[in-house]
Amino acid sequence: MFLNASINTASVYLCIMRTFEDTYRHKGLRNKLVETIRKKGITDEKVLEAINKIPRHFFLDSAFDDVAYEDRAFPIAEKQTISQPYTVAYQTQLLEVKPRHKVLEIGTGSAYQASVLAELGAQVYTIERQKKLFDENKKFFYLKKYPNIKFFYGDGYEGLPTYGPFDRVLITAAAPGIPQKLVDQLKPGGMMVIPVGNEVQTMKRIIKKEDGSIKEEVYDKFHFVPMLGGKNE
Ligand code: SAH
């Protein structure tokens, strides 16, 4: 009994050590990841720098420690995913974030993307519809580093009308169409990056011109988990 208890304590301890230590090995793997996504076509040095800084393995279960720096999406709680680093970099690059921009993100998930936006100096407002994911982020010590991220539990389709308008809106789940309420919360001159489609999504960039008219640009194909309506307790 005593032996069992001490083994359990030791393994919990090891598990925590492994998850929240940013070793030279992790840093080396992160450098390689940055070179991989650079080769895939990401050119914005500020975005690459942010990815190089953030310990992605902190955002994943320790079971994924060995693979956290592969350019792949991984499962998080509630059948959701942390996006592939290339996808995070691609969306962030298209968003053209400047320091102090007010950025609305739909789909907080692991909060990795929100951290990339915060590293770029944005004022981030991020919404998650899964209560469990929202609650986990409240306890996640690393995020204390970013007082410029505000977390909201709610339905992203509604946006945050009382906090808008926003310079940028980023949707990180597959939207069936372009939600008008989110377009309405964009400032004139603002931009939205959104993956649109069901099985496969087309990345789109919506630009609201100074006169309020909308221009739509079409980019590459991606796979995201669906953007669902309402909240989940
Ligand atoms: N940006 C995340 C990616 C998470 S995957 C990251 O960096 O890890 C997409 C997330 O969008 C999921 O957590 C899902 O629960 C959330 N989501 C889906 N529909 C939503 C909605 N209507 N409002 C808010 N969040 C939503």
# chains A, B, ... in the order shown; residues from 1 in each chain; ligands from 1
$ residues_near_ligand --ligand "ligand 1" --cutoff "7 Å" --atoms "only C-alpha atoms and all ligand atoms" --output "JSON, numbers by chain"
{"A": [80, 81, 82, 83, 106, 107, 108, 109, 110, 111, 112, 113, 114, 127, 128, 129, 130, 133, 154, 155, 156, 157, 172, 173, 224, 225, 226, 227, 228, 229, 230]}
$ residues_around --residues "A:Lys39" --least-positions-apart "4" --cutoff "12 Å" --atoms "only C-alpha atoms" --output "list in words"
Lys32, Leu33, Val34, Glu35, Thr43, Leu48, Asp71 and Tyr86 of chain A
$ write_last_selection --atoms "N, CA, C and O atoms" --output "JSON list (two decimals), in the first residue's frame"
[["chain", "number", "residue", "atom", "x", "y", "z"],
["A", 32, "LYS", "N", 13.84, 23.53, -35.16],
["A", 32, "LYS", "CA", 13.63, 22.71, -36.37],
["A", 32, "LYS", "C", 12.22, 22.89, -36.91],
["A", 32, "LYS", "O", 12.02, 22.96, -38.12],
["A", 33, "LEU", "N", 11.26, 22.98, -36.00],
["A", 33, "LEU", "CA", 9.87, 23.17, -36.41],
["A", 33, "LEU", "C", 9.75, 24.49, -37.18],
["A", 33, "LEU", "O", 9.09, 24.57, -38.23],
["A", 34, "VAL", "N", 10.41, 25.52, -36.67],
["A", 34, "VAL", "CA", 10.34, 26.83, -37.34],
["A", 34, "VAL", "C", 10.93, 26.73, -38.75],
["A", 34, "VAL", "O", 10.37, 27.27, -39.71],
["A", 35, "GLU", "N", 12.03, 25.99, -38.88],
["A", 35, "GLU", "CA", 12.63, 25.84, -40.22],
["A", 35, "GLU", "C", 11.69, 25.07, -41.14],
["A", 35, "GLU", "O", 11.58, 25.37, -42.33],
["A", 43, "THR", "N", 6.75, 33.34, -44.28],
["A", 43, "THR", "CA", 7.86, 34.29, -44.45],
["A", 43, "THR", "C", 7.90, 35.38, -43.38],
["A", 43, "THR", "O", 8.90, 36.09, -43.26],
["A", 48, "LEU", "N", 7.30, 33.72, -37.09],
["A", 48, "LEU", "CA", 8.24, 32.61, -36.86],
["A", 48, "LEU", "C", 8.91, 32.75, -35.48],
["A", 48, "LEU", "O", 9.09, 31.78, -34.76],
["A", 71, "ASP", "N", 5.08, 18.96, -36.96],
["A", 71, "ASP", "CA", 4.14, 19.90, -37.55],
["A", 71, "ASP", "C", 2.79, 19.21, -37.78],
["A", 71, "ASP", "O", 2.40, 18.93, -38.91],
["A", 86, "TYR", "N", 1.92, 24.89, -38.67],
["A", 86, "TYR", "CA", 1.90, 25.55, -39.98],
["A", 86, "TYR", "C", 0.59, 26.32, -40.17],
["A", 86, "TYR", "O", 0.59, 27.46, -40.66]]
$ closest_residue --among "A:Glu21, A:Asp167, A:Glu216, A:Asp44" --to "A:Gly190" --atoms "only C-alpha atoms"
A:Asp167
$ atom_distance --atom1 "atom CA of A:His223" --atom2 "atom CA of A:Val200"
5.5 Å
$ closest_residue --among "A:Ile214, A:Ile206, A:Ala68, A:Val124" --to "A:Leu94" --atoms "only C-alpha atoms"
A:Ile206
$ select_by_dssp --residues "stretch 46-230 of chain A" --states "strand (DSSP E or B)" --output "number ranges by chain"
A: 74-75, 81-82, 102-106, 123-128, 130, 149-153, 166-171, 174-175, 186-196, 201-208, 214-222, 226
$ residues_around --residues "A:Gly159" --least-positions-apart "4" --cutoff "10 Å" --atoms "only C-alpha atoms" --output "PDB file with N, CA and C atoms, in the first residue's frame"
ATOM      1  N   LEU A 104     -10.004  39.622 -32.080  1.00  0.00           N
ATOM      2  CA  LEU A 104     -11.006  38.675 -31.576  1.00  0.00           C
ATOM      3  C   LEU A 104     -10.700  37.304 -32.175  1.00  0.00           C
ATOM      4  N   GLU A 105     -10.497  36.317 -31.293  1.00  0.00           N
ATOM      5  CA  GLU A 105     -10.288  34.941 -31.780  1.00  0.00           C
ATOM      6  C   GLU A 105     -11.495  34.091 -31.403  1.00  0.00           C
ATOM      7  N   ILE A 106     -12.003  33.310 -32.353  1.00  0.00           N
ATOM      8  CA  ILE A 106     -13.093  32.377 -32.060  1.00  0.00           C
ATOM      9  C   ILE A 106     -12.495  30.974 -31.996  1.00  0.00           C
ATOM     10  N   TYR A 125      -8.866  38.955 -27.487  1.00  0.00           N
ATOM     11  CA  TYR A 125     -10.152  38.591 -26.879  1.00  0.00           C
ATOM     12  C   TYR A 125     -10.503  37.255 -27.484  1.00  0.00           C
ATOM     13  N   THR A 126     -10.492  36.191 -26.675  1.00  0.00           N
ATOM     14  CA  THR A 126     -10.695  34.868 -27.259  1.00  0.00           C
ATOM     15  C   THR A 126     -11.894  34.171 -26.634  1.00  0.00           C
ATOM     16  N   ILE A 127     -12.715  33.542 -27.484  1.00  0.00           N
ATOM     17  CA  ILE A 127     -13.967  32.919 -27.014  1.00  0.00           C
ATOM     18  C   ILE A 127     -13.904  31.401 -27.224  1.00  0.00           C
ATOM     19  N   GLY A 154     -18.374  31.343 -24.290  1.00  0.00           N
ATOM     20  CA  GLY A 154     -19.606  31.731 -24.980  1.00  0.00           C
ATOM     21  C   GLY A 154     -19.637  31.212 -26.399  1.00  0.00           C
ATOM     22  N   ASP A 155     -20.616  31.685 -27.137  1.00  0.00           N
ATOM     23  CA  ASP A 155     -20.784  31.271 -28.530  1.00  0.00           C
ATOM     24  C   ASP A 155     -20.123  32.299 -29.436  1.00  0.00           C
ATOM     25  N   TYR A 163     -17.210  44.648 -26.598  1.00  0.00           N
ATOM     26  CA  TYR A 163     -15.758  44.890 -26.591  1.00  0.00           C
ATOM     27  C   TYR A 163     -15.236  45.385 -27.939  1.00  0.00           C
ATOM     28  N   GLY A 164     -16.060  45.233 -28.984  1.00  0.00           N
ATOM     29  CA  GLY A 164     -15.620  45.613 -30.323  1.00  0.00           C
ATOM     30  C   GLY A 164     -15.708  47.118 -30.505  1.00  0.00           C
ATOM     31  N   PRO A 165     -15.447  47.621 -31.715  1.00  0.00           N
ATOM     32  CA  PRO A 165     -15.063  46.840 -32.892  1.00  0.00           C
ATOM     33  C   PRO A 165     -13.594  46.420 -32.834  1.00  0.00           C
ATOM     34  N   VAL A 169     -10.217  39.802 -36.791  1.00  0.00           N
ATOM     35  CA  VAL A 169     -11.007  38.671 -36.274  1.00  0.00           C
ATOM     36  C   VAL A 169     -10.406  37.399 -36.869  1.00  0.00           C
ATOM     37  N   PRO A 179     -19.867  34.575 -40.821  1.00  0.00           N
ATOM     38  CA  PRO A 179     -20.879  35.079 -39.895  1.00  0.00           C
ATOM     39  C   PRO A 179     -20.990  36.610 -39.941  1.00  0.00           C
ATOM     40  N   LYS A 181     -22.506  38.707 -38.042  1.00  0.00           N
ATOM     41  CA  LYS A 181     -22.296  39.432 -36.781  1.00  0.00           C
ATOM     42  C   LYS A 181     -20.821  39.714 -36.546  1.00  0.00           C
ATOM     43  N   LEU A 182     -19.960  38.821 -37.011  1.00  0.00           N
ATOM     44  CA  LEU A 182     -18.510  39.026 -36.818  1.00  0.00           C
ATOM     45  C   LEU A 182     -17.973  40.051 -37.815  1.00  0.00           C
ATOM     46  N   VAL A 183     -18.530  40.063 -39.001  1.00  0.00           N
ATOM     47  CA  VAL A 183     -18.144  41.096 -39.986  1.00  0.00           C
ATOM     48  C   VAL A 183     -18.546  42.470 -39.430  1.00  0.00           C
ATOM     49  N   ASP A 184     -19.728  42.519 -38.805  1.00  0.00           N
ATOM     50  CA  ASP A 184     -20.209  43.790 -38.241  1.00  0.00           C
ATOM     51  C   ASP A 184     -19.283  44.315 -37.138  1.00  0.00           C
ATOM     52  N   GLN A 185     -18.582  43.400 -36.450  1.00  0.00           N
ATOM     53  CA  GLN A 185     -17.708  43.806 -35.332  1.00  0.00           C
ATOM     54  C   GLN A 185     -16.286  44.155 -35.781  1.00  0.00           C
TER      55      GLN A 185
END
$ residues_around --residues "A:Phe140" --least-positions-apart "4" --cutoff "10 Å" --atoms "only C-alpha atoms" --output "PDB file with all heavy atoms, in the first residue's frame"
ATOM      1  N   PHE A  58       3.937  22.659 -23.540  1.00  0.00           N
ATOM      2  CA  PHE A  58       3.179  23.047 -22.336  1.00  0.00           C
ATOM      3  C   PHE A  58       1.660  22.943 -22.572  1.00  0.00           C
ATOM      4  O   PHE A  58       0.893  22.830 -21.637  1.00  0.00           O
ATOM      5  CB  PHE A  58       3.450  24.509 -21.955  1.00  0.00           C
ATOM      6  CG  PHE A  58       4.780  24.774 -21.298  1.00  0.00           C
ATOM      7  CD1 PHE A  58       5.781  23.814 -21.252  1.00  0.00           C
ATOM      8  CD2 PHE A  58       5.020  26.013 -20.716  1.00  0.00           C
ATOM      9  CE1 PHE A  58       7.001  24.094 -20.649  1.00  0.00           C
ATOM     10  CE2 PHE A  58       6.243  26.295 -20.111  1.00  0.00           C
ATOM     11  CZ  PHE A  58       7.235  25.334 -20.081  1.00  0.00           C
ATOM     12  N   PHE A  59       1.270  23.070 -23.841  1.00  0.00           N
ATOM     13  CA  PHE A  59      -0.153  23.148 -24.186  1.00  0.00           C
ATOM     14  C   PHE A  59      -0.774  21.773 -24.433  1.00  0.00           C
ATOM     15  O   PHE A  59      -1.960  21.680 -24.735  1.00  0.00           O
ATOM     16  CB  PHE A  59      -0.339  24.018 -25.438  1.00  0.00           C
ATOM     17  CG  PHE A  59       0.035  25.464 -25.217  1.00  0.00           C
ATOM     18  CD1 PHE A  59       1.374  25.858 -25.144  1.00  0.00           C
ATOM     19  CD2 PHE A  59      -0.941  26.436 -25.065  1.00  0.00           C
ATOM     20  CE1 PHE A  59       1.720  27.185 -24.932  1.00  0.00           C
ATOM     21  CE2 PHE A  59      -0.606  27.759 -24.852  1.00  0.00           C
ATOM     22  CZ  PHE A  59       0.728  28.141 -24.781  1.00  0.00           C
ATOM     23  N   SER A 110      -6.692  25.173 -26.941  1.00  0.00           N
ATOM     24  CA  SER A 110      -5.549  25.051 -26.030  1.00  0.00           C
ATOM     25  C   SER A 110      -4.971  26.409 -25.630  1.00  0.00           C
ATOM     26  O   SER A 110      -4.115  26.478 -24.761  1.00  0.00           O
ATOM     27  CB  SER A 110      -4.438  24.258 -26.728  1.00  0.00           C
ATOM     28  OG  SER A 110      -3.913  25.033 -27.794  1.00  0.00           O
ATOM     29  N   ALA A 111      -5.386  27.473 -26.316  1.00  0.00           N
ATOM     30  CA  ALA A 111      -4.859  28.840 -26.131  1.00  0.00           C
ATOM     31  C   ALA A 111      -3.468  29.031 -26.745  1.00  0.00           C
ATOM     32  O   ALA A 111      -2.807  30.037 -26.503  1.00  0.00           O
ATOM     33  CB  ALA A 111      -4.851  29.281 -24.671  1.00  0.00           C
ATOM     34  N   ASP A 135     -12.335  26.486 -18.604  1.00  0.00           N
ATOM     35  CA  ASP A 135     -11.914  26.357 -17.200  1.00  0.00           C
ATOM     36  C   ASP A 135     -10.448  25.934 -17.091  1.00  0.00           C
ATOM     37  O   ASP A 135      -9.726  26.412 -16.222  1.00  0.00           O
ATOM     38  CB  ASP A 135     -12.801  25.338 -16.462  1.00  0.00           C
ATOM     39  CG  ASP A 135     -14.182  25.902 -16.170  1.00  0.00           C
ATOM     40  OD1 ASP A 135     -14.336  27.142 -16.212  1.00  0.00           O
ATOM     41  OD2 ASP A 135     -15.095  25.100 -15.918  1.00  0.00           O
ATOM     42  N   GLU A 136     -10.024  25.038 -17.977  1.00  0.00           N
ATOM     43  CA  GLU A 136      -8.623  24.593 -17.923  1.00  0.00           C
ATOM     44  C   GLU A 136      -7.660  25.753 -18.175  1.00  0.00           C
ATOM     45  O   GLU A 136      -6.625  25.859 -17.535  1.00  0.00           O
ATOM     46  CB  GLU A 136      -8.376  23.469 -18.938  1.00  0.00           C
ATOM     47  CG  GLU A 136      -8.721  22.124 -18.350  1.00  0.00           C
ATOM     48  CD  GLU A 136      -8.531  20.961 -19.293  1.00  0.00           C
ATOM     49  OE1 GLU A 136      -7.864  21.122 -20.332  1.00  0.00           O
ATOM     50  OE2 GLU A 136      -9.059  19.892 -18.969  1.00  0.00           O
ATOM     51  N   LYS A 144      -0.459  33.211 -17.560  1.00  0.00           N
ATOM     52  CA  LYS A 144      -0.325  34.413 -16.710  1.00  0.00           C
ATOM     53  C   LYS A 144       0.705  35.369 -17.324  1.00  0.00           C
ATOM     54  O   LYS A 144       0.720  36.566 -17.044  1.00  0.00           O
ATOM     55  CB  LYS A 144       0.137  34.040 -15.295  1.00  0.00           C
ATOM     56  CG  LYS A 144      -0.744  33.025 -14.605  1.00  0.00           C
ATOM     57  CD  LYS A 144      -1.944  33.681 -13.918  1.00  0.00           C
ATOM     58  CE  LYS A 144      -2.819  32.664 -13.219  1.00  0.00           C
ATOM     59  NZ  LYS A 144      -3.901  32.101 -14.052  1.00  0.00           N
TER      60      LYS A 144
END
$ select_by_dssp --residues "chain A" --states "helix (DSSP H, G or I)" --output "VMD selection string"
chain A and resid 2 to 19 24 to 39 45 to 53 56 to 59 62 to 64 85 to 95 112 to 119 131 to 139 141 to 145 156 to 158 180 to 184
$ closest_residue --among "A:Ile207, A:Val196, A:Val47, A:Leu186" --to "A:Ser115" --atoms "only C-alpha atoms"
A:Val47
$ closest_residue --among "A:Asn148, A:Asn137, A:Thr87, A:Thr92" --to "A:Ala50" --atoms "only C-alpha atoms"
A:Thr92
$ decode --residues "stretch 171-190 of chain A" --atoms "C-alpha atoms" --output "CSV table (one decimal), in the first residue's frame"
chain,number,residue,atom,x,y,z
A,171,ILE,CA,-11.7,32.1,-36.6
A,172,THR,CA,-10.0,28.8,-35.8
A,173,ALA,CA,-12.8,26.4,-36.4
A,174,ALA,CA,-14.5,25.4,-39.7
A,175,ALA,CA,-17.3,27.9,-40.4
A,176,PRO,CA,-20.1,27.0,-42.8
A,177,GLY,CA,-20.2,30.6,-44.0
A,178,ILE,CA,-19.0,34.0,-43.1
A,179,PRO,CA,-20.9,35.1,-39.9
A,180,GLN,CA,-22.4,38.5,-40.5
A,181,LYS,CA,-22.3,39.4,-36.8
A,182,LEU,CA,-18.5,39.0,-36.8
A,183,VAL,CA,-18.1,41.1,-40.0
A,184,ASP,CA,-20.2,43.8,-38.2
A,185,GLN,CA,-17.7,43.8,-35.3
A,186,LEU,CA,-14.8,44.6,-37.7
A,187,LYS,CA,-13.4,48.1,-37.8
A,188,PRO,CA,-13.3,49.8,-41.2
A,189,GLY,CA,-9.9,48.8,-42.5
A,190,GLY,CA,-10.0,45.6,-40.5
